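A.B. asks: Take this structure, written in structure tokens, and hold onto it; I'll ask about it next.
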Amino acid sequence: MNPVEERARIALQNILLATDFSSASDAALEYALAIARRYDARVYVAHVIRPDVYQLVPPEAMTAAIENAQRYAEQEMANLLISGRLRSVAHQVLLGRGGVWPVLAEMSERHGIDLVVVGTHGRTGIRKLLLGSAAEEIFRMAVTPVLTVGPRVSSHPPREVGLRSILLAVDLTPISERAAAYAISLAQEHQAKLTLLHVVRDAVESTPQNEALLKEYFVRRMQAMVPEEATLWCDPEFAVEFGDAADNILRLAGEHEVDLIVLGVRRTATFAGHLPPATAYKIVCQAQCPVLTVRG
């Protein structure tokens with residue numbers, strides 16, 4: 001049996017929002033709250049204090065710097081609680097100290113997290129090289145799905161999450177199957193339009209006849225990923241494009257005005273036979289809707 005056919009309905013009971021108190025995290029919070037209201041889930045708002053960012057601080061000043069960071073985080077959490085924004089959902093605030101992902105991983109395991117939500121500044125080039133991307137580290141390491149809210153996503157989502165159109169980008173490897181299970185379940189939950197897309201990067205000989213044959217072949221592969229019973233509640237569409245994966249995914253998402261992009265991602269960036277590691281991060285940074293990444 002196809003693994004997708006064995007899927008269970010997605011249940012979201014515990015959501016972890018990773019925040020650095022920036023505008024990017026503020027936008028992500030709105031989505032976390034909207035999802036929590038939809039699924040009657042509990043939201044854990046988590047902040048990690050990173051001692052490593054104070055490596056250049058003189059040793060005699062490091063303790064004071066970290067204590068200041070702790071007080072700042074406590075005040076920001078208090079401000080969030082006082083604001084009343086969390087009042088409509090069950091919630092808890094969490095503070096940790098250490099590396100971002102190790103701390104969040106421990107929190108996720110302790111609280112049975114089903115979904116991680118994170119905002120990203122969309123750093124690229126030298127800024128990403130120097131400062132890194134916490135969002136990318138999270139979605140490549142997390143066992144649970146990660147919803148990333150990029151800088152081009154509106155910071156004012158509807159009070160309730162209403163997914164009208166979902167784009168599932170697949171590379172037709174086992175990684176795609178787990179992502180497909182989530183995309184199909186969400187499409188059913190929201191009665192949303194579902195589009196499956198596969199991008200062919202390197203055609204042997206780019207002729208209209210070859211492209212037509214490739215499209216026919218890959219459409220059949222994608223059709224096999226969708227359970228027969230899915231046709232009872234939706235009419236999935238299938239698209240095959242040629243060229244750069246990220247560019248085609250972003251273009252089609254814009255043309256279809258999708259509310260969510262779903263991607264399968266791998267843990268490491270060097271696993272042979274898959275899309276370049278920059279693909280997922282580029283999509284997250286440039287998409288005009290949230291991106292749900294599911295690690296294979």
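Chain lettering (A, B, ...) mirrors the order of the structure tokens, residue numbering begins at 1 for each chain separately, and ligand numbering begins at 1 in order of display.
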DSSP says alpha helix (DSSP H) for which residues of region 212-243 of chain A? Put them as a ChimeraX atom specification?
C.D. replies: /A:212-223
A.B. asks: Please, which residues in region 131-242 of chain A fall within 6 Å of region 251-270 of chain A when counting only C-alpha atoms, and what is the closest atom pair and distance in Å to one decimal for each, ordered by chain then residue number, as a Markdown table?
C.D. replies:
| residue | atom | partner | partner_atom | distance |
| --- | --- | --- | --- | --- |
| A:Arg140 | CA | A:Arg267 | CA | 4.8 |
| A:Met141 | CA | A:Arg267 | CA | 5.6 |
| A:Leu163 | CA | A:Asp259 | CA | 5.7 |
| A:Ser165 | CA | A:Val258 | CA | 4.7 |
| A:Ile166 | CA | A:Leu260 | CA | 5.0 |
| A:Leu167 | CA | A:Ile261 | CA | 4.8 |
| A:Leu168 | CA | A:Val262 | CA | 4.8 |
| A:Ala169 | CA | A:Leu263 | CA | 5.6 |
| A:Ile175 | CA | A:Gly264 | CA | 5.5 |
| A:Ser176 | CA | A:Gly264 | CA | 5.1 |
| A:Ala179 | CA | A:Gly264 | CA | 5.1 |
A.B. asks: Quick one: pull the distance between CA of Cys289 (chain A) and CA of Val146 (chain A), Å, one decimal.
C.D. replies: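 That distance, rounded to one decimal, is 13.8 Å.
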A.B. asks: Using only C-alpha atoms, which residue out of A:Leu194, A:Ala246, A:Val153, A:Val93 lies closest to Ala78 (chain A)?
C.D. replies: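 Among A:Leu194, A:Ala246, A:Val153, A:Val93, it is A:Val93 that comes nearest to Ala78 (chain A).
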A.B. asks: Could you name the residues that touch region 97-113 of chain A at 9 Å or less, counting only C-alpha atoms, but leaving out those on the same chain fewer than 5 positions away, as a tab-separated table (two decimals) with N, CA and C atoms, in the first residue's frame?
C.D. replies:
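As written to disk, out16.tsv reads:
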chain	number	residue	atom	x	y	z
A	12	LEU	N	-3.47	18.45	15.46
A	12	LEU	CA	-2.54	19.41	16.04
A	12	LEU	C	-3.04	19.77	17.44
A	13	GLN	N	-2.33	19.29	18.43
A	13	GLN	CA	-2.72	19.56	19.81
A	13	GLN	C	-1.78	20.53	20.50
A	14	ASN	N	-0.51	20.50	20.12
A	14	ASN	CA	0.49	21.34	20.77
A	14	ASN	C	1.36	22.01	19.71
A	15	ILE	N	1.38	23.33	19.74
A	15	ILE	CA	2.12	24.12	18.75
A	15	ILE	C	3.21	24.90	19.47
A	16	LEU	N	4.41	24.83	18.93
A	16	LEU	CA	5.54	25.57	19.50
A	16	LEU	C	5.88	26.74	18.58
A	18	ALA	N	8.57	29.52	17.96
A	18	ALA	CA	9.92	29.96	18.30
A	18	ALA	C	10.01	31.45	17.99
A	44	TYR	N	2.77	27.01	22.76
A	44	TYR	CA	3.93	27.25	23.61
A	44	TYR	C	4.79	28.31	22.92
A	46	ALA	N	8.15	30.10	22.77
A	46	ALA	CA	9.49	29.75	23.27
A	46	ALA	C	10.54	30.74	22.77
A	47	HIS	N	11.41	31.11	23.67
A	47	HIS	CA	12.56	31.95	23.31
A	47	HIS	C	13.82	31.30	23.87
A	48	VAL	N	14.88	31.31	23.05
A	48	VAL	CA	16.14	30.71	23.47
A	48	VAL	C	17.21	31.80	23.59
A	49	ILE	N	17.81	31.89	24.76
A	49	ILE	CA	18.93	32.82	24.98
A	49	ILE	C	20.21	32.11	24.57
A	50	ARG	N	20.95	32.71	23.67
A	50	ARG	CA	22.12	32.07	23.08
A	50	ARG	C	23.41	32.67	23.65
A	51	PRO	N	24.07	31.99	24.55
A	51	PRO	CA	25.35	32.50	25.08
A	51	PRO	C	26.41	32.67	24.01
A	52	ASP	N	26.30	31.90	22.91
A	52	ASP	CA	27.34	31.97	21.88
A	52	ASP	C	27.42	33.32	21.18
A	70	GLN	N	18.49	37.73	29.62
A	70	GLN	CA	17.45	37.02	30.35
A	70	GLN	C	16.36	37.98	30.81
A	134	ALA	N	18.20	30.80	11.76
A	134	ALA	CA	17.61	29.90	12.76
A	134	ALA	C	16.46	29.12	12.16
A	137	GLU	N	17.74	26.14	10.19
A	137	GLU	CA	18.22	25.11	11.11
A	137	GLU	C	17.05	24.34	11.71
A	138	ILE	N	15.99	25.07	12.06
A	138	ILE	CA	14.83	24.43	12.68
A	138	ILE	C	14.13	23.51	11.69
A	141	MET	N	16.10	20.32	10.95
A	141	MET	CA	16.38	19.42	12.06
A	141	MET	C	15.11	18.86	12.71
A	142	ALA	N	14.00	19.58	12.63
A	142	ALA	CA	12.79	19.18	13.36
A	142	ALA	C	12.18	17.91	12.78
A	143	VAL	N	11.80	17.01	13.66
A	143	VAL	CA	11.08	15.81	13.24
A	143	VAL	C	9.64	16.16	12.90
A	144	THR	N	9.07	17.12	13.62
A	144	THR	CA	7.70	17.55	13.37
A	144	THR	C	7.69	18.55	12.20
